[in-house]
file model.cif (mmCIF, C-alpha atoms)
data_start
loop_
_atom_site.label_atom_id
_atom_site.label_comp_id
_atom_site.auth_asym_id
_atom_site.auth_seq_id
_atom_site.Cartn_x
_atom_site.Cartn_y
_atom_site.Cartn_z
CA MET A 1 92.16 81.16 93.01
CA LYS A 2 95.38 79.77 94.46
CA ARG A 3 98.77 80.94 93.36
CA MET A 4 102.30 79.97 94.29
CA VAL A 5 104.70 82.89 94.11
CA VAL A 6 108.45 82.34 94.15
CA ALA A 7 110.91 85.22 94.32
CA GLY A 8 114.67 85.13 94.41
CA GLY A 9 117.04 88.04 94.82
CA LEU A 10 120.67 89.02 95.03
CA ALA A 11 120.60 92.48 96.56
CA GLY A 12 123.45 94.72 97.53
CA VAL A 13 126.13 92.70 95.76
CA VAL A 14 129.09 95.03 95.46
CA LEU A 15 131.28 94.65 92.42
CA ALA A 16 135.04 94.35 92.69
CA GLY A 17 136.52 97.78 93.24
CA ALA A 18 133.12 99.17 94.19
CA VAL A 19 134.39 101.20 97.12
CA LEU A 20 136.09 103.93 95.15
CA ALA A 21 136.85 106.35 97.96
CA ALA A 22 136.34 106.83 101.68
CA GLU A 23 132.92 108.40 101.11
CA GLN A 24 131.97 106.83 97.79
CA GLN A 25 130.32 103.49 97.18
CA VAL A 26 128.85 101.67 94.20
CA THR A 27 126.36 98.84 94.71
CA ALA A 28 125.02 96.46 92.08
CA SER A 29 121.95 94.28 92.74
CA MET A 30 119.86 91.66 90.95
CA HIS A 31 116.37 90.42 91.84
CA THR A 32 114.07 87.93 90.14
CA PHE A 33 110.38 87.14 90.66
CA THR A 34 108.35 84.29 89.25
CA ASP A 35 104.95 82.76 90.07
CA SER A 36 102.87 79.72 89.19
CA GLU A 37 101.30 81.55 86.25
CA ASP A 38 104.77 81.82 84.69
CA ASN A 39 104.87 85.59 85.12
CA ARG A 40 108.44 86.74 85.65
CA VAL A 41 110.14 90.02 86.54
CA GLU A 42 113.92 90.46 86.51
CA THR A 43 115.48 93.60 88.00
CA TRP A 44 119.05 94.86 87.74
CA ALA A 45 120.06 98.00 89.65
CA VAL A 46 123.19 100.07 90.30
CA GLU A 47 123.43 102.70 93.04
CA LEU A 48 126.10 105.33 93.71
CA LEU A 49 126.49 107.01 97.11
CA GLN A 50 128.84 109.98 97.09
CA GLY A 51 129.82 112.10 100.07
CA LEU A 52 130.31 115.78 99.23
CA ARG A 53 131.73 118.68 101.21
CA GLU A 54 129.90 120.52 103.98
CA ARG A 55 127.68 117.59 105.01
CA TRP A 56 126.20 117.11 101.54
CA ASN A 57 125.53 113.63 100.14
CA LEU A 58 124.59 112.64 96.60
CA SER A 59 122.81 109.42 95.61
CA LEU A 60 122.21 108.10 92.10
CA ARG A 61 120.29 104.96 91.22
CA GLY A 62 119.52 103.28 87.92
CA ALA A 63 117.38 100.16 87.46
CA LEU A 64 116.22 98.00 84.58
CA ASP A 65 113.18 95.72 84.84
CA ARG A 66 112.43 92.99 82.32
CA VAL A 67 108.83 91.75 82.49
CA LEU A 68 107.83 88.46 80.84
CA LEU A 69 104.15 87.39 80.78
CA PRO A 70 102.72 84.25 79.20
CA PRO A 71 99.75 84.41 76.79
CA LEU A 72 96.38 84.98 78.44
CA PRO A 73 94.07 81.94 78.21
CA GLY A 74 91.15 84.13 77.12
CA LEU A 75 87.46 83.91 77.87
CA PRO A 76 85.63 80.69 76.91
CA GLY A 77 83.95 81.10 73.54
CA SER A 78 85.64 84.43 72.85
CA PRO A 79 88.36 85.17 70.27
CA GLU A 80 89.70 87.93 72.55
CA ASN A 81 92.50 87.16 74.98
CA VAL A 82 91.35 88.82 78.21
CA ASP A 83 91.75 87.75 81.81
CA ALA A 84 88.64 85.85 82.87
CA ILE A 85 88.64 87.41 86.35
CA THR A 86 89.66 91.05 85.86
CA THR A 87 88.63 91.26 82.16
CA ALA A 88 91.98 92.95 81.54
CA SER A 89 93.48 92.60 78.07
CA ARG A 90 97.14 92.26 77.14
CA PRO A 91 98.83 95.61 76.27
CA VAL A 92 99.75 94.68 72.69
CA ALA A 93 98.94 95.99 69.25
CA SER A 94 96.64 93.19 68.09
CA THR A 95 94.53 90.22 69.16
CA THR A 96 97.02 87.92 67.45
CA LEU A 97 99.92 89.24 69.52
CA SER A 98 97.88 88.86 72.73
CA LYS A 99 98.07 85.10 72.21
CA GLU A 100 101.87 85.21 72.40
CA GLU A 101 104.30 85.78 75.26
CA TYR A 102 104.49 89.46 76.22
CA ALA A 103 107.77 91.11 77.18
CA LYS A 104 108.64 94.70 78.04
CA LEU A 105 111.48 96.69 79.56
CA ARG A 106 111.20 99.36 82.22
CA GLN A 107 113.99 101.82 83.05
CA GLU A 108 114.18 103.81 86.29
CA MET A 109 116.50 106.60 87.40
CA VAL A 110 116.59 108.41 90.75
CA ALA A 111 118.87 111.25 91.85
CA GLY A 112 118.89 112.57 95.41
CA LEU A 113 120.76 115.28 97.30
CA LYS A 114 120.77 115.61 101.10
CA TRP A 115 122.31 117.95 103.66
CA SER A 116 122.44 116.97 107.31
CA GLN A 117 123.96 117.86 110.64
CA PRO A 118 124.23 115.60 113.73
CA HIS A 119 121.19 115.98 116.02
CA GLY A 120 120.01 118.90 113.93
CA SER A 121 118.26 119.47 110.62
CA ARG A 122 118.22 117.41 107.45
CA ILE A 123 117.16 118.77 104.08
CA GLY A 124 116.80 116.63 100.99
CA GLY A 125 115.42 116.52 97.49
CA SER A 126 115.14 113.96 94.73
CA LEU A 127 114.22 113.54 91.07
CA TYR A 128 112.57 110.35 89.79
CA TYR A 129 112.03 109.18 86.22
CA SER A 130 110.78 105.86 84.85
CA HIS A 131 110.06 104.80 81.30
CA GLU A 132 108.25 101.85 79.77
CA PRO A 133 106.48 101.43 76.42
CA ASP A 134 103.09 102.64 77.68
CA PHE A 135 103.95 104.70 80.75
CA ILE A 136 106.32 107.53 81.75
CA GLY A 137 106.57 108.42 85.43
CA ARG A 138 108.18 111.57 86.85
CA GLN A 139 108.37 112.92 90.38
CA VAL A 140 110.07 115.80 92.18
CA SER A 141 110.20 115.57 95.97
CA GLY A 142 111.64 117.42 98.94
CA SER A 143 111.97 116.72 102.65
CA LEU A 144 112.79 118.59 105.85
CA ALA A 145 113.48 116.94 109.22
CA HIS A 146 114.69 118.29 112.55
CA ASP A 147 115.79 116.64 115.81
CA PHE A 148 114.71 117.95 119.21
CA HIS A 149 115.61 117.05 122.81
CA GLN A 150 119.08 115.67 122.10
CA GLY A 151 117.80 113.62 119.20
CA ASN A 152 115.00 111.89 121.12
CA THR A 153 112.30 113.63 119.08
CA ASN A 154 112.18 114.05 115.34
CA LEU A 155 109.67 115.88 113.16
CA ALA A 156 109.80 115.33 109.40
CA PHE A 157 107.87 116.79 106.48
CA GLY A 158 107.84 115.62 102.88
CA VAL A 159 106.28 116.99 99.70
CA ALA A 160 106.18 115.46 96.22
CA HIS A 161 104.80 116.36 92.82
CA GLY A 162 104.33 113.64 90.24
CA PHE A 163 103.33 114.01 86.60
CA ASP A 164 102.82 110.84 84.59
CA SER A 165 102.01 110.09 80.97
CA ILE A 166 99.94 107.01 80.09
CA ARG A 167 100.32 105.94 76.46
CA PRO A 168 98.41 102.67 75.83
CA GLU A 169 99.81 100.35 73.20
CA PRO A 170 97.93 100.70 69.87
CA GLU A 171 95.12 98.25 69.24
CA GLU A 172 95.02 96.62 65.79
CA GLY A 173 97.54 99.25 64.66
CA VAL A 174 95.39 102.21 65.72
CA ALA A 175 96.87 104.34 68.49
CA GLY A 176 94.53 105.34 71.31
CA PRO A 177 94.46 108.63 73.21
CA GLN A 178 97.29 109.58 75.51
CA HIS A 179 96.47 110.43 79.12
CA GLN A 180 98.06 112.59 81.80
CA ARG A 181 98.00 112.26 85.59
CA GLN A 182 99.32 114.55 88.31
CA THR A 183 99.88 113.70 91.96
CA GLU A 184 100.52 116.01 94.90
CA ASP A 185 101.64 114.36 98.14
CA LEU A 186 102.20 115.76 101.64
CA THR A 187 103.58 113.71 104.53
CA CYS A 188 104.23 114.54 108.18
CA VAL A 189 105.90 112.07 110.58
CA TRP A 190 106.66 112.49 114.29
CA THR A 191 109.13 110.03 115.85
CA GLN A 192 109.66 109.82 119.60
CA THR A 193 112.13 107.82 121.68
CA VAL A 194 110.11 106.92 124.78
CA SER A 195 112.84 104.94 126.51
CA PRO A 196 116.12 103.23 125.58
CA ARG A 197 114.02 100.21 124.53
CA THR A 198 110.89 101.84 123.03
CA LEU A 199 110.41 103.94 119.89
CA THR A 200 107.09 105.34 118.66
CA GLN A 201 106.00 106.97 115.41
CA LEU A 202 102.88 108.82 114.32
CA GLY A 203 102.28 110.11 110.81
CA PHE A 204 99.78 111.55 108.38
CA GLU A 205 99.76 111.50 104.57
CA THR A 206 97.43 113.14 102.09
CA THR A 207 97.53 112.74 98.32
CA TRP A 208 95.65 114.57 95.57
CA VAL A 209 95.45 112.73 92.26
CA HIS A 210 94.21 114.48 89.10
CA GLY A 211 93.86 112.93 85.68
CA PHE A 212 93.50 109.47 84.18
CA GLN A 213 93.18 106.76 86.88
CA SER A 214 91.67 103.82 85.00
CA ASN A 215 93.40 100.77 83.57
CA PRO A 216 93.42 101.36 79.78
CA TYR A 217 93.52 97.60 79.15
CA ARG A 218 90.72 96.56 81.49
CA GLN A 219 87.17 96.01 80.26
CA VAL A 220 83.90 96.09 82.24
CA TYR A 221 80.73 94.13 81.55
CA ALA A 222 77.97 96.75 81.71
CA GLY A 223 74.50 96.54 80.19
CA GLY A 224 75.42 93.34 78.37
CA GLN A 225 78.44 94.94 76.71
CA ARG A 226 82.18 94.83 77.27
CA LEU A 227 83.23 98.48 77.71
CA PRO A 228 86.44 100.26 78.76
CA GLU A 229 86.86 100.86 82.46
CA ARG A 230 86.13 104.45 83.55
CA HIS A 231 87.21 105.88 86.91
CA PRO A 232 86.77 109.44 88.25
CA ASP A 233 89.64 111.75 87.28
CA ARG A 234 89.99 113.21 90.78
CA ARG A 235 90.80 111.45 94.03
CA LEU A 236 91.72 112.71 97.49
CA ARG A 237 93.48 110.07 99.58
CA GLN A 238 94.32 110.36 103.28
CA ALA A 239 96.06 108.03 105.72
CA LEU A 240 96.88 108.13 109.42
CA PHE A 241 99.46 105.65 110.68
CA ALA A 242 101.18 104.75 113.95
CA GLN A 243 103.96 102.39 114.97
CA ILE A 244 105.61 101.25 118.19
CA ASP A 245 108.88 99.30 118.37
CA ARG A 246 109.91 97.59 121.60
CA TYR A 247 113.11 95.71 122.40
CA LEU A 248 112.66 92.76 124.75
CA PHE A 249 115.29 91.36 127.09
CA THR A 250 114.98 87.92 125.47
CA ARG A 251 117.10 89.10 122.51
CA SER A 252 113.92 89.85 120.62
CA SER A 253 111.89 92.87 119.53
CA VAL A 254 108.28 93.50 118.58
CA SER A 255 106.85 96.05 116.16
CA LEU A 256 103.15 96.93 116.04
CA ARG A 257 101.78 99.04 113.19
CA ALA A 258 98.32 100.39 112.44
CA ARG A 259 97.03 102.42 109.48
CA TYR A 260 93.68 104.01 108.70
CA TYR A 261 92.91 105.13 105.15
CA ASP A 262 90.01 106.85 103.41
CA ASP A 263 89.35 108.64 100.14
CA ASP A 264 86.54 110.49 98.41
CA TRP A 265 85.73 107.43 96.28
CA GLY A 266 84.17 105.90 99.39
CA VAL A 267 87.01 103.51 100.24
CA HIS A 268 87.73 103.27 103.98
CA ALA A 269 90.38 100.83 105.14
CA GLY A 270 92.16 99.70 108.28
CA THR A 271 95.36 97.68 108.46
CA PHE A 272 97.08 96.07 111.45
CA ASP A 273 100.61 94.69 111.07
CA ALA A 274 102.65 92.90 113.77
CA HIS A 275 106.29 91.77 113.59
CA LEU A 276 108.30 89.73 116.10
CA ASN A 277 112.07 89.39 115.66
CA GLN A 278 113.93 86.75 117.67
CA TYR A 279 117.59 85.68 117.83
CA VAL A 280 117.98 81.89 117.89
CA GLY A 281 121.54 81.17 118.88
CA GLU A 282 124.26 83.49 117.64
CA HIS A 283 123.75 83.27 113.89
CA LEU A 284 120.04 82.99 113.18
CA ILE A 285 117.30 85.62 113.33
CA VAL A 286 113.67 84.52 112.98
CA ARG A 287 111.04 87.11 112.05
CA TYR A 288 107.32 86.35 112.38
CA ARG A 289 104.65 88.52 110.77
CA TYR A 290 100.86 88.85 110.75
CA ARG A 291 98.84 91.46 108.83
CA TYR A 292 95.09 92.03 108.70
CA HIS A 293 93.41 94.38 106.23
CA LEU A 294 89.75 95.42 106.01
CA GLN A 295 88.15 97.88 103.60
CA THR A 296 84.86 99.11 102.15
CA ALA A 297 84.01 99.44 98.45
CA ALA A 298 84.18 102.50 96.22
CA TYR A 299 80.76 104.09 95.76
CA PHE A 300 80.67 103.22 92.05
CA TYR A 301 81.78 99.58 92.38
CA ARG A 302 79.22 96.95 91.40
CA ASP A 303 79.52 93.21 90.84
CA LEU A 304 77.22 93.68 87.85
CA TYR A 305 76.33 96.88 86.00
CA THR A 306 72.87 96.82 84.39
CA ASP A 307 73.40 100.24 82.78
CA PRO A 308 76.24 100.78 80.26
CA GLU A 309 76.95 104.10 81.98
CA GLY A 310 77.62 102.34 85.26
CA VAL A 311 77.14 104.52 88.36
CA ASP A 312 77.26 108.27 87.74
CA GLY A 313 79.11 107.52 84.51
CA TYR A 314 81.80 105.39 86.20
CA ARG A 315 82.42 101.66 86.02
CA THR A 316 85.25 99.42 87.20
CA ALA A 317 86.42 95.81 87.11
CA ASP A 318 89.14 96.36 89.73
CA TYR A 319 88.36 93.98 92.59
CA LYS A 320 90.63 96.05 94.86
CA LEU A 321 87.89 98.70 94.85
CA ASP A 322 85.38 96.22 96.30
CA ASP A 323 84.89 95.58 100.01
CA PHE A 324 87.04 92.71 101.29
CA ASP A 325 89.30 91.64 104.12
CA SER A 326 92.61 89.80 103.96
CA HIS A 327 95.10 87.98 106.17
CA LEU A 328 98.83 87.47 105.76
CA PHE A 329 101.00 85.15 107.86
CA GLY A 330 104.75 85.01 107.38
CA VAL A 331 108.07 83.82 108.72
CA LYS A 332 111.53 84.97 107.67
CA LEU A 333 114.93 83.50 108.49
CA SER A 334 118.04 85.70 108.34
CA VAL A 335 121.51 84.18 108.66
CA PRO A 336 124.26 86.79 109.07
CA PHE A 337 127.65 85.39 108.10
CA GLU A 338 129.46 87.65 110.57
CA GLY A 339 131.52 85.25 112.68
CA LEU A 340 130.82 82.40 110.26
CA ALA A 341 132.73 83.76 107.27
CA VAL A 342 135.52 81.45 106.15
CA ARG A 343 136.71 83.96 103.57
CA PRO A 344 137.30 87.71 104.06
CA TRP A 345 134.98 88.56 101.16
CA MET A 346 132.08 86.83 102.99
CA SER A 347 132.13 89.31 105.86
CA GLY A 348 128.80 91.14 106.07
CA LEU A 349 126.97 88.62 103.89
CA VAL A 350 123.38 87.91 105.01
CA LEU A 351 121.11 85.14 103.68
CA ASP A 352 117.33 85.69 103.89
CA LEU A 353 114.60 83.09 103.39
CA LYS A 354 110.95 84.11 103.66
CA TYR A 355 107.59 82.38 103.38
CA GLU A 356 104.22 84.18 103.50
CA ARG A 357 100.67 82.91 103.17
CA TYR A 358 98.04 85.38 101.89
CA PHE A 359 94.28 84.88 101.52
CA ASP A 360 91.28 87.19 101.31
CA SER A 361 87.49 87.16 101.20
CA LYS A 362 87.56 87.41 97.37
CA SER A 363 88.69 83.77 97.22
CA PHE A 364 92.23 84.71 96.27
CA ALA A 365 95.10 82.92 97.99
CA ALA A 366 98.85 82.92 97.46
CA ASN A 367 101.90 81.21 98.88
CA VAL A 368 104.86 83.57 98.67
CA LEU A 369 108.42 82.27 98.78
CA GLU A 370 111.35 84.68 98.67
CA THR A 371 115.08 84.25 98.95
CA GLY A 372 117.66 87.00 98.99
CA PHE A 373 121.28 87.84 99.65
CA THR A 374 122.61 91.16 100.94
CA TRP A 375 126.29 92.00 100.76
CA PRO A 376 127.08 95.44 102.18
CA PHE A 377 130.52 97.02 101.86
#
call {"tool": "encode", "arguments": {"input": "model.cif", "output": "structure tokens"}}
result
Amino acid sequence: MKRMVVAGGLAGVVLAGAVLAAEQQVTASMHTFTDSEDNRVETWAVELLQGLRERWNLSLRGALDRVLLPPLPGLPGSPENVDAITTASRPVASTTLSKEEYAKLRQEMVAGLKWSQPHGSRIGGSLYYSHEPDFIGRQVSGSLAHDFHQGNTNLAFGVAHGFDSIRPEPEEGVAGPQHQRQTEDLTCVWTQTVSPRTLTQLGFETTWVHGFQSNPYRQVYAGGQRLPERHPDRRLRQALFAQIDRYLFTRSSVSLRARYYDDDWGVHAGTFDAHLNQYVGEHLIVRYRYRYHLQTAAYFYRDLYTDPEGVDGYRTADYKLDDFDSHLFGVKLSVPFEGLAVRPWMSGLVLDLKYERYFDSKSFAANVLETGFTWPF
């Protein structure tokens, strides 16, 4: 399958009068995404940054997503509108509605509070809430970081607790069961300045997921039948990651990143990601990227299930749980308007243009085009 993806964004556009005080700032942003299948996502967001007394800072963010999906073409010879590759159905109340354009709204709110001291400790916490017709997401998180050796070493810890509610859209007017999912996350990151031109980072993350983890709209062909997907309700995920950033004397920098992941579903994965940033002249930055990903399959994944019960009672149509490898090549152009601005209001404006080519061993390929504007005040 080949897909052309086009994304356009206007991020960080500050409204007139946005800077309300010396330590207060309001930022409005807009981002759009479309692809060759006519799927479209539009995002509007507003963020408030407020400095408080005694080194405290408050951040508030609200976002609205509008998702528009065209009708699914359906399976040949079938009255049901389901995706022919993933066998996923449209989250609507009836088969008739699945043949029409699908639209939904998603709201997101985040509140954060942080206390910090120069070359010392930083303590933070945040509350997250998102709402859409068939899903409610909630998360409470906290973080603690401390600098050592005059700020050359930093050790940071983060914890998060998420509790989500999955409420599938009713089918043919009959509401299905509601599901719950809880997530516990622990992260530890060590950052070290090796030299004035080299920065390294090493981290570990572990996540416990309990509850419903299937796609309520995805069907699996098992034993000659089309049955709902069924995943285990427990999953332990672990990841070890490392990064090194190096500034080069040729007005360029390189960043190398590696990540190893495994879980108790049998998925083991490795990812390598390389970035090269290069100034071309005074007003153009070129960023090159290459990423390689390799993973094994979940123990219950099968291309074809002969038994309706699948493997140990589990069955899936999620190709991301199969073994595969993927490549991504990309280039990004950034044009800062600093020094080029012909109007005072253009100062700080940055234009970004990005192209990425993705392909994997599952015969999926995509051309990704993205354009964006940032306008910090």
call {"tool": "resolve_selection", "arguments": {"input": "model.cif", "expression": "the PyMOL selection byres ((chain A and resi 287) around 9)", "output": "list in words"}}
result
His275, Leu276, Asn277, Gln278, Tyr279, Ile285, Val286, Tyr288, Arg289, Gly330, Val331, Lys332, Leu333, Ser334 and Lys354 of chain A
call {"tool": "closest_residue", "arguments": {"input": "model.cif", "among": "A:Phe272, A:Phe359, A:Phe329, A:Trp190", "to": "Phe148 in chain A", "atoms": "all atoms listed in the file"}}
result
A:Trp190
call {"tool": "axis_aligned_box", "arguments": {"input": "model.cif", "around": "range 45-54 of chain A", "padding_each_side": "3 Å", "output": "JSON"}}
result
{"center_x": 125.9, "center_y": 109.3, "center_z": 96.8, "size_x": 17.7, "size_y": 28.5, "size_z": 20.3}
call {"tool": "atom_distance", "arguments": {"input": "model.cif", "atom1": "CA of Tyr260 in chain A", "atom2": "CA of Ala317 in chain A"}}
result
24.2 Å
call {"tool": "resolve_selection", "arguments": {"input": "model.cif", "expression": "the PyMOL selection byres ((chain A and resi 309) around 12)", "output": "NGL selection string"}}
result
:A and (220-231 or 300 or 304-308 or 310-316)
call {"tool": "residues_around", "arguments": {"input": "model.cif", "residues": "range 239-249 of chain A", "least_positions_apart": "4", "cutoff": "6 Å", "atoms": "all atoms listed in the file", "output": "VMD selection string"}}
result
chain A and resid 197 to 205 253 to 261
call {"tool": "resolve_selection", "arguments": {"input": "model.cif", "expression": "the PyMOL selection byres ((chain A and resi 320) around 10)", "output": "ChimeraX atom specification"}}
result
/A:267,295-298,301,316-319,321-324,362
call {"tool": "atom_distance", "arguments": {"input": "model.cif", "atom1": "CA of Val67 in chain A", "atom2": "CA of Tyr102 in chain A"}}
result
8.0 Å
call {"tool": "closest_residue", "arguments": {"input": "model.cif", "among": "A:Tyr299, A:Ser252, A:His283, A:Ser121", "to": "Val335 in chain A", "atoms": "all atoms listed in the file"}}
result
A:His283
call {"tool": "atom_distance", "arguments": {"input": "model.cif", "atom1": "CA of Thr191 in chain A", "atom2": "CA of Asn152 in chain A"}}
result
8.1 Å
call {"tool": "closest_residue", "arguments": {"input": "model.cif", "among": "A:Thr206, A:Asn154, A:Asn367, A:Ser130", "to": "Gln192 in chain A", "atoms": "only C-alpha atoms"}}
result
A:Asn154
call {"tool": "decode", "arguments": {"input": "model.cif", "residues": "range 227-249 of chain A", "atoms": "N, CA and C atoms", "output": "PDB file, in the first residue's frame"}}
result
ATOM      1  N   LEU A 227     -14.672 -12.271  14.208  1.00  0.00           N
ATOM      2  CA  LEU A 227     -14.905 -12.128  15.634  1.00  0.00           C
ATOM      3  C   LEU A 227     -14.209 -10.884  16.165  1.00  0.00           C
ATOM      4  N   PRO A 228     -14.678 -10.355  17.299  1.00  0.00           N
ATOM      5  CA  PRO A 228     -14.011  -9.179  17.885  1.00  0.00           C
ATOM      6  C   PRO A 228     -12.578  -9.512  18.290  1.00  0.00           C
ATOM      7  N   GLU A 229     -11.726  -8.533  18.136  1.00  0.00           N
ATOM      8  CA  GLU A 229     -10.344  -8.680  18.582  1.00  0.00           C
ATOM      9  C   GLU A 229     -10.308  -8.860  20.101  1.00  0.00           C
ATOM     10  N   ARG A 230      -9.337  -9.666  20.586  1.00  0.00           N
ATOM     11  CA  ARG A 230      -9.227  -9.891  22.029  1.00  0.00           C
ATOM     12  C   ARG A 230      -7.744  -9.942  22.407  1.00  0.00           C
ATOM     13  N   HIS A 231      -7.296  -8.952  23.164  1.00  0.00           N
ATOM     14  CA  HIS A 231      -5.924  -8.888  23.642  1.00  0.00           C
ATOM     15  C   HIS A 231      -5.874  -9.212  25.134  1.00  0.00           C
ATOM     16  N   PRO A 232      -4.711  -9.625  25.649  1.00  0.00           N
ATOM     17  CA  PRO A 232      -4.581  -9.792  27.111  1.00  0.00           C
ATOM     18  C   PRO A 232      -4.876  -8.478  27.818  1.00  0.00           C
ATOM     19  N   ASP A 233      -5.358  -8.563  29.064  1.00  0.00           N
ATOM     20  CA  ASP A 233      -5.691  -7.349  29.810  1.00  0.00           C
ATOM     21  C   ASP A 233      -4.557  -6.887  30.719  1.00  0.00           C
ATOM     22  N   ARG A 234      -3.383  -7.502  30.588  1.00  0.00           N
ATOM     23  CA  ARG A 234      -2.212  -7.057  31.340  1.00  0.00           C
ATOM     24  C   ARG A 234      -1.012  -7.004  30.407  1.00  0.00           C
ATOM     25  N   ARG A 235      -0.188  -5.975  30.603  1.00  0.00           N
ATOM     26  CA  ARG A 235       1.005  -5.844  29.758  1.00  0.00           C
ATOM     27  C   ARG A 235       2.083  -5.072  30.514  1.00  0.00           C
ATOM     28  N   LEU A 236       3.256  -5.633  30.575  1.00  0.00           N
ATOM     29  CA  LEU A 236       4.413  -4.967  31.175  1.00  0.00           C
ATOM     30  C   LEU A 236       5.355  -4.563  30.056  1.00  0.00           C
ATOM     31  N   ARG A 237       5.597  -3.273  29.922  1.00  0.00           N
ATOM     32  CA  ARG A 237       6.424  -2.738  28.842  1.00  0.00           C
ATOM     33  C   ARG A 237       7.671  -2.096  29.441  1.00  0.00           C
ATOM     34  N   GLN A 238       8.823  -2.341  28.819  1.00  0.00           N
ATOM     35  CA  GLN A 238      10.080  -1.782  29.293  1.00  0.00           C
ATOM     36  C   GLN A 238      10.895  -1.275  28.113  1.00  0.00           C
ATOM     37  N   ALA A 239      11.620  -0.175  28.340  1.00  0.00           N
ATOM     38  CA  ALA A 239      12.441   0.398  27.277  1.00  0.00           C
ATOM     39  C   ALA A 239      13.705   0.989  27.872  1.00  0.00           C
ATOM     40  N   LEU A 240      14.813   0.777  27.195  1.00  0.00           N
ATOM     41  CA  LEU A 240      16.101   1.364  27.539  1.00  0.00           C
ATOM     42  C   LEU A 240      16.544   2.206  26.350  1.00  0.00           C
ATOM     43  N   PHE A 241      16.895   3.466  26.590  1.00  0.00           N
ATOM     44  CA  PHE A 241      17.239   4.344  25.478  1.00  0.00           C
ATOM     45  C   PHE A 241      18.487   5.163  25.806  1.00  0.00           C
ATOM     46  N   ALA A 242      19.201   5.545  24.750  1.00  0.00           N
ATOM     47  CA  ALA A 242      20.426   6.328  24.886  1.00  0.00           C
ATOM     48  C   ALA A 242      20.511   7.329  23.746  1.00  0.00           C
ATOM     49  N   GLN A 243      21.193   8.429  23.994  1.00  0.00           N
ATOM     50  CA  GLN A 243      21.325   9.475  22.980  1.00  0.00           C
ATOM     51  C   GLN A 243      22.636  10.209  23.184  1.00  0.00           C
ATOM     52  N   ILE A 244      23.266  10.597  22.083  1.00  0.00           N
ATOM     53  CA  ILE A 244      24.461  11.427  22.131  1.00  0.00           C
ATOM     54  C   ILE A 244      24.315  12.547  21.114  1.00  0.00           C
ATOM     55  N   ASP A 245      24.558  13.780  21.551  1.00  0.00           N
ATOM     56  CA  ASP A 245      24.496  14.956  20.689  1.00  0.00           C
ATOM     57  C   ASP A 245      25.894  15.565  20.613  1.00  0.00           C
ATOM     58  N   ARG A 246      26.329  15.867  19.395  1.00  0.00           N
ATOM     59  CA  ARG A 246      27.676  16.379  19.192  1.00  0.00           C
ATOM     60  C   ARG A 246      27.652  17.562  18.241  1.00  0.00           C
ATOM     61  N   TYR A 247      28.216  18.679  18.694  1.00  0.00           N
ATOM     62  CA  TYR A 247      28.331  19.855  17.820  1.00  0.00           C
ATOM     63  C   TYR A 247      29.626  19.750  17.036  1.00  0.00           C
ATOM     64  N   LEU A 248      29.554  20.023  15.720  1.00  0.00           N
ATOM     65  CA  LEU A 248      30.712  19.971  14.851  1.00  0.00           C
ATOM     66  C   LEU A 248      31.131  21.387  14.475  1.00  0.00           C
ATOM     67  N   PHE A 249      32.404  21.553  14.180  1.00  0.00           N
ATOM     68  CA  PHE A 249      32.925  22.886  13.888  1.00  0.00           C
ATOM     69  C   PHE A 249      32.457  23.422  12.547  1.00  0.00           C
TER      70      PHE A 249
END
